[in-house]
Amino acid sequence: MGSPMVNLCLMVSLYASLCGAAPVSDSLEVSSTPVSAYRGHTATLPCWLNPPQNAEGLEVRWYRGDHFDSPIMFYRGRKFEDTSKEASYVGRVSFDLKDAASGGLTAGDVSLKLKNVTIEDAGDYTCYISSDQSYDRASVRLIVTEMGTTPLLSVVWKEDNMANVSCESKGWYPKPSLSWLDKEQVLTSKSLTYSKDSSGLLSVHSWLLISGSTEVSCSVVVSNEEAKEARLRLAKLPQPGSGSSVGGWVAFALLLTAMLVLLGVLYFRKRGKKAKSGSDHSEENRNLLPKEMVQPTKLSAAREYYVNVTLDKVENAYLMIRDDRKVRDVCVDFPDGQQATNLTVKGTPGFSSGQHYWEVSLGSPKLGLKQSWWVGVTCAADISKMSDFPPTTSNGFWILSSSPDMADSFQFSTDPQVLLPVYSRPQTVGVYLNYDSGELSFYNVENEHLIGTLKATFRGEVFPVFNPGIGDKAPMEILHRKEQGQANNMENAVDSTA
């Protein structure tokens with residue numbers, strides 16, 4: 001009398017493909033559900049017997065392609081055969097539960113757990129189970145996803161009030177799609193190109209021409225994931241006057257990368273005679289829109305260059321400075337037009353080369369977040385003698401600022417001003433200076449998003465500069481890193497008033 005036949009049924013994801021000789025039982029049923037995972041995460045490829053039965057004494061192979069004899073996981077005789085594994089999967093594969101209700105191997109669940117998923121892991125896997133009486137196999141397709149960077153927008157103004165707007169995003173898998181919108185209207189790009197880096201991740205780049213004042217967005221998305229988007233608001237260029245100097249047009253640029261970044265207004269303006277008379281930084285302003293985009297430094301990399309900045313000791317009736325790190329206005333009436341100048345204070349040390357990073361607290365949950373402030377760098381050794389107002393890159397101030405009357409945007413100190421829409425106000429702003437490459441970046445430390453990057457050419461020594469603004473209860477505080485701690489081991493900001 002023959003032995004009873006074992007009824008094996010494998011249920012796998014996305015699609016099932018029976019191959020080889022027909023199994024002993026012809027009543028097998030195969031189901032499928034998609035399997036996807038983010039690069040670097042863990043994936044579970046489901047495979048189980050139906051009806052449930054103990055699989056501890058069965059042979060289980062997981063392999064790729066036609067490499068039946070070189071499985072990535074091989075289980076038989078109630079133990080794993082490690083010598084048969086492919087080298088790239090060693091230490092990354094094991095049995096897993098297909099769901100929380102699964103009884104595991106004793107209930108016929110032989111699902112594969114794959115840790116630290118890579119781009120190379122994407123593709124088809126075969127789950128094979130055999131006993132003395134029967135066998136069956138089926139395929140599981142693994143889809144690997146990597147979300148790229150927030151699109152980086154840049155603008156170059158052309159003739160006839162035309163703007164060349166480009167959009168670039170890196171680090172995607174699989175191939176992403178890119179789309180442009182003018183409010184709700186779909187725009188057609190002039191170019192759409194893809195490139196692949198050595199790790200297999202994809203970059204996408206597109207550009208188009210836009211005329212007049214408008215607001216455009218560039219959106220990049222892969223599969224059914226949430227799109228990453230950047231927006232850009234453009235304004236018409238003013239017409240140059242007859243008294244314009246030979247200084248020509250001055251270009252400005254803003255480079256942004258992070259989840260939810262928006263670019264503000266960029267446009268040219270004919271320089272007046274003041275520029276002709278000789279700003280030491282007029283040529284630097286031309287570099288604010290480089291022909292080649294600068295990739296902003298990631299916050300984690302910037303924090304490796306943490307430096308403890310202190311405030312200069314100054315006699316200022318409008319400021320209250322405490323512990324060389326905390327500063328606040330004293331809520332008095334100022335002469336018209338001089339408030340911001342009178343509240344500005346310089347920090348030390350100064351920098352003439354290298355990379356440097358510091359952090360500034362802008363309030364607390366107890367006292368609220370500041371609405372009015374400046375942070376950045378200046379080449380003015382003595383800001384008490386500053387006569388130009390407002391401070392701009394032309395007179396040696398590279399700053400990011402916030403003001404209550406423009407609550408929906410931050411501002412760069414370019415002339416004309418660059419506006420950056422505000423999605424969430426930071427409690428802590430990180431300032432990263434790469435003197436040699438001319439990069440000045442500002443970060444929202446809490447969510448590690450880049451607020452914006454200025455491209456500049458620094459000359460001579462530059463110093464950190466701060467302004468606590470007017471009327472906020474919370475002080476502005478420079479955060480110090482402990483000597484024996486890591487870059488993120490900062491002293492907590494104090495809620496008490498300065």
# chains A, B, ... in the order shown; residues from 1 in each chain; ligands from 1
call {"tool": "residues_around", "arguments": {"residues": "range 36-48 of chain A", "least_positions_apart": "3", "cutoff": "8 Å", "atoms": "only C-alpha atoms", "output": "JSON list (two decimals) with N, CA, C and O atoms, in the first residue's frame"}}
result
[["chain", "number", "residue", "atom", "x", "y", "z"],
["A", 9, "CYS", "N", 0.80, 23.38, -0.57],
["A", 9, "CYS", "CA", 0.30, 24.55, -1.31],
["A", 9, "CYS", "C", 1.08, 25.77, -0.90],
["A", 9, "CYS", "O", 1.15, 26.05, 0.29],
["A", 10, "LEU", "N", 1.71, 26.42, -1.82],
["A", 10, "LEU", "CA", 2.52, 27.60, -1.53],
["A", 10, "LEU", "C", 1.76, 28.85, -1.94],
["A", 10, "LEU", "O", 1.30, 28.94, -3.08],
["A", 11, "MET", "N", 1.65, 29.80, -0.98],
["A", 11, "MET", "CA", 0.97, 31.06, -1.26],
["A", 11, "MET", "C", 2.02, 32.15, -1.22],
["A", 11, "MET", "O", 2.68, 32.31, -0.21],
["A", 12, "VAL", "N", 2.23, 32.86, -2.33],
["A", 12, "VAL", "CA", 3.33, 33.80, -2.44],
["A", 12, "VAL", "C", 2.85, 35.12, -2.99],
["A", 12, "VAL", "O", 1.69, 35.28, -3.32],
["A", 13, "SER", "N", 3.82, 36.10, -3.11],
["A", 13, "SER", "CA", 3.42, 37.43, -3.50],
["A", 13, "SER", "C", 3.60, 37.70, -4.97],
["A", 13, "SER", "O", 4.47, 37.12, -5.60],
["A", 52, "PRO", "N", -2.54, 23.90, 6.68],
["A", 52, "PRO", "CA", -1.33, 23.96, 7.51],
["A", 52, "PRO", "C", -0.87, 22.56, 7.92],
["A", 52, "PRO", "O", -1.66, 21.67, 8.21],
["A", 96, "ASP", "N", 10.72, 33.67, 8.76],
["A", 96, "ASP", "CA", 9.96, 34.76, 9.35],
["A", 96, "ASP", "C", 8.48, 34.36, 9.37],
["A", 96, "ASP", "O", 8.08, 33.36, 8.77],
["A", 97, "LEU", "N", 7.67, 35.15, 10.05],
["A", 97, "LEU", "CA", 6.23, 34.94, 10.09],
["A", 97, "LEU", "C", 5.57, 35.79, 9.02],
["A", 97, "LEU", "O", 5.86, 36.98, 8.90],
["A", 98, "LYS", "N", 4.66, 35.18, 8.26],
["A", 98, "LYS", "CA", 3.98, 35.94, 7.20],
["A", 98, "LYS", "C", 3.03, 36.99, 7.76],
["A", 98, "LYS", "O", 2.77, 38.01, 7.13],
["A", 108, "GLY", "N", 3.62, 25.31, 8.98],
["A", 108, "GLY", "CA", 3.88, 25.34, 7.54],
["A", 108, "GLY", "C", 4.26, 26.70, 6.99],
["A", 108, "GLY", "O", 4.31, 26.87, 5.77],
["A", 109, "ASP", "N", 4.55, 27.66, 7.84],
["A", 109, "ASP", "CA", 4.97, 28.99, 7.38],
["A", 109, "ASP", "C", 6.48, 28.99, 7.18],
["A", 109, "ASP", "O", 7.24, 28.91, 8.14],
["A", 110, "VAL", "N", 6.93, 29.07, 5.92],
["A", 110, "VAL", "CA", 8.36, 29.06, 5.60],
["A", 110, "VAL", "C", 8.76, 30.39, 4.95],
["A", 110, "VAL", "O", 9.66, 30.45, 4.12],
["A", 111, "SER", "N", 8.10, 31.46, 5.31],
["A", 111, "SER", "CA", 8.38, 32.78, 4.74],
["A", 111, "SER", "C", 9.83, 33.17, 5.00],
["A", 111, "SER", "O", 10.42, 32.83, 6.03],
["A", 112, "LEU", "N", 10.39, 33.90, 4.03],
["A", 112, "LEU", "CA", 11.79, 34.30, 4.09],
["A", 112, "LEU", "C", 11.91, 35.73, 4.62],
["A", 112, "LEU", "O", 11.25, 36.65, 4.13],
["A", 113, "LYS", "N", 12.77, 35.91, 5.60],
["A", 113, "LYS", "CA", 13.10, 37.25, 6.11],
["A", 113, "LYS", "C", 14.43, 37.67, 5.50],
["A", 113, "LYS", "O", 15.43, 36.95, 5.61],
["A", 114, "LEU", "N", 14.44, 38.83, 4.85],
["A", 114, "LEU", "CA", 15.64, 39.36, 4.21],
["A", 114, "LEU", "C", 15.95, 40.72, 4.80],
["A", 114, "LEU", "O", 15.20, 41.67, 4.63],
["A", 115, "LYS", "N", 17.06, 40.83, 5.50],
["A", 115, "LYS", "CA", 17.44, 42.08, 6.18],
["A", 115, "LYS", "C", 18.31, 42.95, 5.28],
["A", 115, "LYS", "O", 18.98, 42.47, 4.39],
["A", 116, "ASN", "N", 18.29, 44.24, 5.60],
["A", 116, "ASN", "CA", 19.15, 45.22, 4.92],
["A", 116, "ASN", "C", 19.05, 45.10, 3.40],
["A", 116, "ASN", "O", 20.03, 44.87, 2.70],
["A", 117, "VAL", "N", 17.84, 45.26, 2.89],
["A", 117, "VAL", "CA", 17.56, 45.08, 1.48],
["A", 117, "VAL", "C", 18.37, 46.05, 0.63],
["A", 117, "VAL", "O", 18.50, 47.24, 0.95],
["A", 118, "THR", "N", 18.94, 45.55, -0.46],
["A", 118, "THR", "CA", 19.73, 46.37, -1.39],
["A", 118, "THR", "C", 19.02, 46.44, -2.74],
["A", 118, "THR", "O", 18.07, 45.70, -3.02],
["A", 119, "ILE", "N", 19.51, 47.32, -3.60],
["A", 119, "ILE", "CA", 18.96, 47.42, -4.95],
["A", 119, "ILE", "C", 19.15, 46.10, -5.69],
["A", 119, "ILE", "O", 18.27, 45.65, -6.44],
["A", 127, "CYS", "N", 10.53, 29.82, -3.92],
["A", 127, "CYS", "CA", 10.34, 29.08, -2.68],
["A", 127, "CYS", "C", 10.02, 27.63, -3.05],
["A", 127, "CYS", "O", 9.03, 27.37, -3.75],
["A", 140, "VAL", "N", 8.29, 34.46, -6.01],
["A", 140, "VAL", "CA", 7.96, 35.69, -5.28],
["A", 140, "VAL", "C", 8.78, 36.82, -5.87],
["A", 140, "VAL", "O", 9.99, 36.70, -6.01],
["A", 142, "LEU", "N", 10.23, 40.54, -5.44],
["A", 142, "LEU", "CA", 10.53, 41.59, -4.46],
["A", 142, "LEU", "C", 10.76, 42.91, -5.18],
["A", 142, "LEU", "O", 11.61, 42.99, -6.07],
["A", 143, "ILE", "N", 10.00, 43.91, -4.81],
["A", 143, "ILE", "CA", 10.14, 45.26, -5.36],
["A", 143, "ILE", "C", 10.86, 46.11, -4.32],
["A", 143, "ILE", "O", 10.39, 46.25, -3.19],
["A", 144, "VAL", "N", 12.00, 46.68, -4.70],
["A", 144, "VAL", "CA", 12.79, 47.51, -3.79],
["A", 144, "VAL", "C", 12.59, 48.97, -4.15],
["A", 144, "VAL", "O", 12.63, 49.34, -5.33],
["A", 145, "THR", "N", 12.34, 49.80, -3.15],
["A", 145, "THR", "CA", 12.09, 51.22, -3.37],
["A", 145, "THR", "C", 13.08, 52.06, -2.57],
["A", 145, "THR", "O", 13.40, 51.74, -1.43],
["A", 146, "GLU", "N", 13.57, 53.10, -3.19],
["A", 146, "GLU", "CA", 14.39, 54.10, -2.49],
["A", 146, "GLU", "C", 13.85, 55.48, -2.83],
["A", 146, "GLU", "O", 13.73, 55.85, -4.00]]
call {"tool": "residues_around", "arguments": {"residues": "range 213-226 of chain A", "least_positions_apart": "6", "cutoff": "7 Å", "atoms": "only C-alpha atoms", "output": "ChimeraX atom specification"}}
result
/A:151,167,174-183,232-236
call {"tool": "write_last_selection", "arguments": {"atoms": "N, CA, C and O atoms", "output": "JSON list (two decimals), in the first residue's frame"}}
result
[["chain", "number", "residue", "atom", "x", "y", "z"],
["A", 151, "PRO", "N", 13.23, 67.63, -4.59],
["A", 151, "PRO", "CA", 13.72, 68.30, -5.81],
["A", 151, "PRO", "C", 14.41, 69.62, -5.51],
["A", 151, "PRO", "O", 13.98, 70.38, -4.63],
["A", 167, "CYS", "N", 14.91, 71.48, -12.53],
["A", 167, "CYS", "CA", 14.55, 70.66, -11.37],
["A", 167, "CYS", "C", 15.42, 69.41, -11.40],
["A", 167, "CYS", "O", 15.52, 68.74, -12.44],
["A", 174, "PRO", "N", 12.71, 52.38, -7.95],
["A", 174, "PRO", "CA", 13.11, 52.30, -9.36],
["A", 174, "PRO", "C", 13.00, 53.66, -10.05],
["A", 174, "PRO", "O", 12.95, 54.69, -9.37],
["A", 175, "LYS", "N", 12.93, 53.65, -11.36],
["A", 175, "LYS", "CA", 12.92, 54.89, -12.13],
["A", 175, "LYS", "C", 11.73, 55.77, -11.74],
["A", 175, "LYS", "O", 10.58, 55.34, -11.83],
["A", 176, "PRO", "N", 11.98, 57.00, -11.31],
["A", 176, "PRO", "CA", 10.88, 57.88, -10.89],
["A", 176, "PRO", "C", 10.28, 58.64, -12.08],
["A", 176, "PRO", "O", 10.87, 58.70, -13.16],
["A", 177, "SER", "N", 9.13, 59.24, -11.86],
["A", 177, "SER", "CA", 8.53, 60.13, -12.85],
["A", 177, "SER", "C", 8.57, 61.56, -12.32],
["A", 177, "SER", "O", 8.53, 61.78, -11.10],
["A", 178, "LEU", "N", 8.68, 62.51, -13.22],
["A", 178, "LEU", "CA", 8.77, 63.94, -12.85],
["A", 178, "LEU", "C", 7.69, 64.70, -13.60],
["A", 178, "LEU", "O", 7.46, 64.45, -14.80],
["A", 179, "SER", "N", 7.03, 65.62, -12.91],
["A", 179, "SER", "CA", 5.99, 66.43, -13.54],
["A", 179, "SER", "C", 6.08, 67.88, -13.06],
["A", 179, "SER", "O", 6.52, 68.15, -11.95],
["A", 180, "TRP", "N", 5.66, 68.79, -13.93],
["A", 180, "TRP", "CA", 5.63, 70.22, -13.63],
["A", 180, "TRP", "C", 4.17, 70.68, -13.57],
["A", 180, "TRP", "O", 3.33, 70.24, -14.36],
["A", 181, "LEU", "N", 3.90, 71.60, -12.66],
["A", 181, "LEU", "CA", 2.58, 72.22, -12.58],
["A", 181, "LEU", "C", 2.73, 73.73, -12.43],
["A", 181, "LEU", "O", 3.60, 74.21, -11.70],
["A", 182, "ASP", "N", 1.87, 74.47, -13.13],
["A", 182, "ASP", "CA", 1.71, 75.91, -12.91],
["A", 182, "ASP", "C", 0.36, 76.06, -12.24],
["A", 182, "ASP", "O", -0.68, 76.06, -12.90],
["A", 183, "LYS", "N", 0.40, 76.13, -10.88],
["A", 183, "LYS", "CA", -0.82, 76.03, -10.08],
["A", 183, "LYS", "C", -1.47, 74.68, -10.37],
["A", 183, "LYS", "O", -0.97, 73.66, -9.97],
["A", 232, "LEU", "N", 8.24, 77.06, -6.63],
["A", 232, "LEU", "CA", 9.02, 78.25, -6.96],
["A", 232, "LEU", "C", 8.07, 79.37, -7.35],
["A", 232, "LEU", "O", 7.19, 79.18, -8.19],
["A", 233, "ARG", "N", 8.23, 80.51, -6.69],
["A", 233, "ARG", "CA", 7.42, 81.69, -7.00],
["A", 233, "ARG", "C", 8.28, 82.69, -7.74],
["A", 233, "ARG", "O", 9.34, 83.10, -7.25],
["A", 234, "LEU", "N", 7.86, 83.11, -8.92],
["A", 234, "LEU", "CA", 8.62, 84.03, -9.75],
["A", 234, "LEU", "C", 7.89, 85.36, -9.88],
["A", 234, "LEU", "O", 6.67, 85.40, -9.91],
["A", 235, "ALA", "N", 8.66, 86.42, -9.97],
["A", 235, "ALA", "CA", 8.10, 87.75, -10.22],
["A", 235, "ALA", "C", 8.77, 88.34, -11.44],
["A", 235, "ALA", "O", 9.92, 88.05, -11.74],
["A", 236, "LYS", "N", 8.03, 89.19, -12.16],
["A", 236, "LYS", "CA", 8.60, 89.82, -13.35],
["A", 236, "LYS", "C", 9.79, 90.68, -12.98],
["A", 236, "LYS", "O", 9.85, 91.29, -11.93]]
call {"tool": "select_by_dssp", "arguments": {"residues": "range 363-408 of chain A", "states": "helix (DSSP H, G or I)", "output": "list in words"}}
result
Ile383, Ser384, Lys385, Thr393, Ser394, Asn395, Pro404, Asp405 and Met406 of chain A
call {"tool": "residues_around", "arguments": {"residues": "Phe80 in chain A", "least_positions_apart": "2", "cutoff": "12 Å", "atoms": "only C-alpha atoms", "output": "MDAnalysis selection string"}}
result
chainID A and resid 56:62 71:78 82:85 90 93:95
call {"tool": "closest_residue", "arguments": {"among": "A:Asn50, A:Ser195, A:Ser409, A:Gln417", "to": "Pro391 in chain A", "atoms": "only C-alpha atoms"}}
result
A:Gln417
call {"tool": "select_by_dssp", "arguments": {"residues": "range 43-172 of chain A", "states": "strand (DSSP E or B)", "output": "PyMOL selection string"}}
result
chain A and resi 43-45+48+59-63+73-76+79-80+93-96+109+111-114+123-130+135-146+152-157+162-172
call {"tool": "closest_atom_pairs", "arguments": {"of": "range 395-480 of chain A", "to": "range 294-317 of chain A", "cutoff": "12 Å", "atoms": "only C-alpha atoms", "output": "CSV"}}
result
residue,atom,partner,partner_atom,distance
A:Val429,CA,A:Leu299,CA,11.0
A:Gly430,CA,A:Leu299,CA,8.2
A:Val431,CA,A:Ala302,CA,8.7
A:Tyr432,CA,A:Ala302,CA,6.1
A:Leu433,CA,A:Ala302,CA,8.6
A:Asn434,CA,A:Ala302,CA,9.1
A:Ser437,CA,A:Val294,CA,9.3
A:Gly438,CA,A:Val294,CA,9.7
A:Glu439,CA,A:Pro296,CA,8.0
A:Leu440,CA,A:Pro296,CA,9.0
A:Ser441,CA,A:Pro296,CA,7.2
A:Phe442,CA,A:Leu299,CA,9.2
A:Tyr443,CA,A:Leu299,CA,7.2
A:Asn444,CA,A:Leu299,CA,9.2
A:Val445,CA,A:Leu299,CA,7.9
A:Glu446,CA,A:Leu299,CA,10.8
A:Asn447,CA,A:Leu299,CA,10.2
A:Glu448,CA,A:Leu299,CA,6.4
A:His449,CA,A:Leu299,CA,7.9
A:Leu450,CA,A:Leu299,CA,7.8
A:Ile451,CA,A:Pro296,CA,10.4
A:Gly452,CA,A:Pro296,CA,8.5
A:Thr453,CA,A:Pro296,CA,6.8
A:Leu454,CA,A:Val294,CA,9.5
A:Lys455,CA,A:Val294,CA,7.8
A:Ala456,CA,A:Val294,CA,11.1
A:Phe463,CA,A:Val309,CA,9.6
A:Pro464,CA,A:Val309,CA,7.7
A:Val465,CA,A:Leu311,CA,8.7
A:Phe466,CA,A:Leu311,CA,8.6
A:Asn467,CA,A:Leu311,CA,11.0
A:Met476,CA,A:Leu311,CA,11.1
A:Glu477,CA,A:Thr310,CA,9.7
A:Ile478,CA,A:Val309,CA,6.9
A:Leu479,CA,A:Asn308,CA,7.5
A:His480,CA,A:Asn308,CA,5.2
call {"tool": "residues_around", "arguments": {"residues": "Thr193 in chain A", "least_positions_apart": "5", "cutoff": "8 Å", "atoms": "only C-alpha atoms", "output": "list of chain:residue names"}}
result
A:Val204, A:His205, A:Ser206
call {"tool": "write_last_selection", "arguments": {"atoms": "N, CA, C and O atoms", "output": "short mmCIF file (atom, residue, chain, number, x, y, z; two decimals), in the first residue's frame"}}
result
data_model
loop_
_atom_site.label_atom_id
_atom_site.label_comp_id
_atom_site.auth_asym_id
_atom_site.auth_seq_id
_atom_site.Cartn_x
_atom_site.Cartn_y
_atom_site.Cartn_z
N VAL A 204 17.13 62.27 -11.73
CA VAL A 204 16.29 62.79 -12.80
C VAL A 204 16.49 64.30 -12.88
O VAL A 204 16.63 64.98 -11.85
N HIS A 205 16.53 64.82 -14.10
CA HIS A 205 16.72 66.27 -14.31
C HIS A 205 15.80 66.73 -15.42
O HIS A 205 15.63 66.06 -16.44
N SER A 206 15.18 67.90 -15.21
CA SER A 206 14.28 68.46 -16.21
C SER A 206 14.36 69.98 -16.15
O SER A 206 14.72 70.55 -15.12
#
call {"tool": "closest_residue", "arguments": {"among": "A:Trp207, A:Tyr435, A:Phe458, A:Phe412", "to": "Cys379 in chain A", "atoms": "only C-alpha atoms"}}
result
A:Phe458
call {"tool": "atom_distance", "arguments": {"atom1": "CA of Leu208 in chain A", "atom2": "CA of Asn164 in chain A"}}
result
5.8 Å
call {"tool": "residues_around", "arguments": {"residues": "Leu369 in chain A", "least_positions_apart": "2", "cutoff": "10 Å", "atoms": "only C-alpha atoms", "output": "list in words"}}
result
Ser361, Leu362, Gly363, Ser364, Pro365, Lys366, Leu367, Gln371, Ser372, Arg425, Pro426, Gln427, Thr428, Asp472, Lys473, Ala474, Pro475 and Met476 of chain A
call {"tool": "residues_around", "arguments": {"residues": "Trp374 in chain A", "least_positions_apart": "4", "cutoff": "9 Å", "atoms": "only C-alpha atoms", "output": "list of chain:residue names"}}
result
A:Thr344, A:Ile399, A:Leu400, A:Ser401, A:Ser402, A:Ser403, A:Val465, A:Phe466, A:Asn467, A:Pro468, A:Gly469
call {"tool": "write_last_selection", "arguments": {"atoms": "N, CA, C and O atoms", "output": "PDB file, in the first residue's frame"}}
result
ATOM      1  N   THR A 344      21.946  94.122  16.531  1.00  0.00           N
ATOM      2  CA  THR A 344      22.856  93.141  15.943  1.00  0.00           C
ATOM      3  C   THR A 344      24.111  93.002  16.787  1.00  0.00           C
ATOM      4  O   THR A 344      24.687  93.992  17.236  1.00  0.00           O
ATOM      5  N   ILE A 399      22.906  86.588   5.599  1.00  0.00           N
ATOM      6  CA  ILE A 399      22.048  86.202   6.726  1.00  0.00           C
ATOM      7  C   ILE A 399      20.727  85.624   6.242  1.00  0.00           C
ATOM      8  O   ILE A 399      20.256  85.915   5.135  1.00  0.00           O
ATOM      9  N   LEU A 400      20.141  84.802   7.118  1.00  0.00           N
ATOM     10  CA  LEU A 400      18.757  84.342   6.998  1.00  0.00           C
ATOM     11  C   LEU A 400      17.969  85.051   8.087  1.00  0.00           C
ATOM     12  O   LEU A 400      18.412  85.111   9.236  1.00  0.00           O
ATOM     13  N   SER A 401      16.807  85.587   7.747  1.00  0.00           N
ATOM     14  CA  SER A 401      16.059  86.379   8.726  1.00  0.00           C
ATOM     15  C   SER A 401      14.583  86.009   8.715  1.00  0.00           C
ATOM     16  O   SER A 401      14.064  85.428   7.759  1.00  0.00           O
ATOM     17  N   SER A 402      13.925  86.373   9.805  1.00  0.00           N
ATOM     18  CA  SER A 402      12.492  86.176   9.965  1.00  0.00           C
ATOM     19  C   SER A 402      11.904  87.441  10.572  1.00  0.00           C
ATOM     20  O   SER A 402      12.537  88.073  11.429  1.00  0.00           O
ATOM     21  N   SER A 403      10.713  87.810  10.127  1.00  0.00           N
ATOM     22  CA  SER A 403      10.065  88.997  10.673  1.00  0.00           C
ATOM     23  C   SER A 403       8.571  88.742  10.796  1.00  0.00           C
ATOM     24  O   SER A 403       7.983  88.043   9.965  1.00  0.00           O
ATOM     25  N   VAL A 465      27.061  86.202  13.124  1.00  0.00           N
ATOM     26  CA  VAL A 465      26.323  87.412  13.483  1.00  0.00           C
ATOM     27  C   VAL A 465      24.903  87.007  13.871  1.00  0.00           C
ATOM     28  O   VAL A 465      24.331  86.069  13.319  1.00  0.00           O
ATOM     29  N   PHE A 466      24.364  87.743  14.867  1.00  0.00           N
ATOM     30  CA  PHE A 466      23.069  87.384  15.438  1.00  0.00           C
ATOM     31  C   PHE A 466      22.251  88.646  15.680  1.00  0.00           C
ATOM     32  O   PHE A 466      22.800  89.724  15.945  1.00  0.00           O
ATOM     33  N   ASN A 467      20.935  88.497  15.615  1.00  0.00           N
ATOM     34  CA  ASN A 467      20.022  89.583  15.958  1.00  0.00           C
ATOM     35  C   ASN A 467      18.768  88.946  16.542  1.00  0.00           C
ATOM     36  O   ASN A 467      18.089  88.169  15.865  1.00  0.00           O
ATOM     37  N   PRO A 468      18.424  89.230  17.810  1.00  0.00           N
ATOM     38  CA  PRO A 468      17.288  88.566  18.462  1.00  0.00           C
ATOM     39  C   PRO A 468      15.939  89.145  18.087  1.00  0.00           C
ATOM     40  O   PRO A 468      14.908  88.634  18.539  1.00  0.00           O
ATOM     41  N   GLY A 469      15.916  90.213  17.277  1.00  0.00           N
ATOM     42  CA  GLY A 469      14.645  90.794  16.891  1.00  0.00           C
ATOM     43  C   GLY A 469      13.997  91.577  18.027  1.00  0.00           C
ATOM     44  O   GLY A 469      14.582  91.804  19.084  1.00  0.00           O
TER      45      GLY A 469
END
call {"tool": "closest_residue", "arguments": {"among": "A:Val156, A:Val186, A:Thr457, A:Glu120", "to": "Ser198 in chain A", "atoms": "only C-alpha atoms"}}
result
A:Glu120
call {"tool": "closest_residue", "arguments": {"among": "A:Gly354, A:Ser139, A:Arg322, A:Asn395", "to": "Asp66 in chain A", "atoms": "only C-alpha atoms"}}
result
A:Ser139
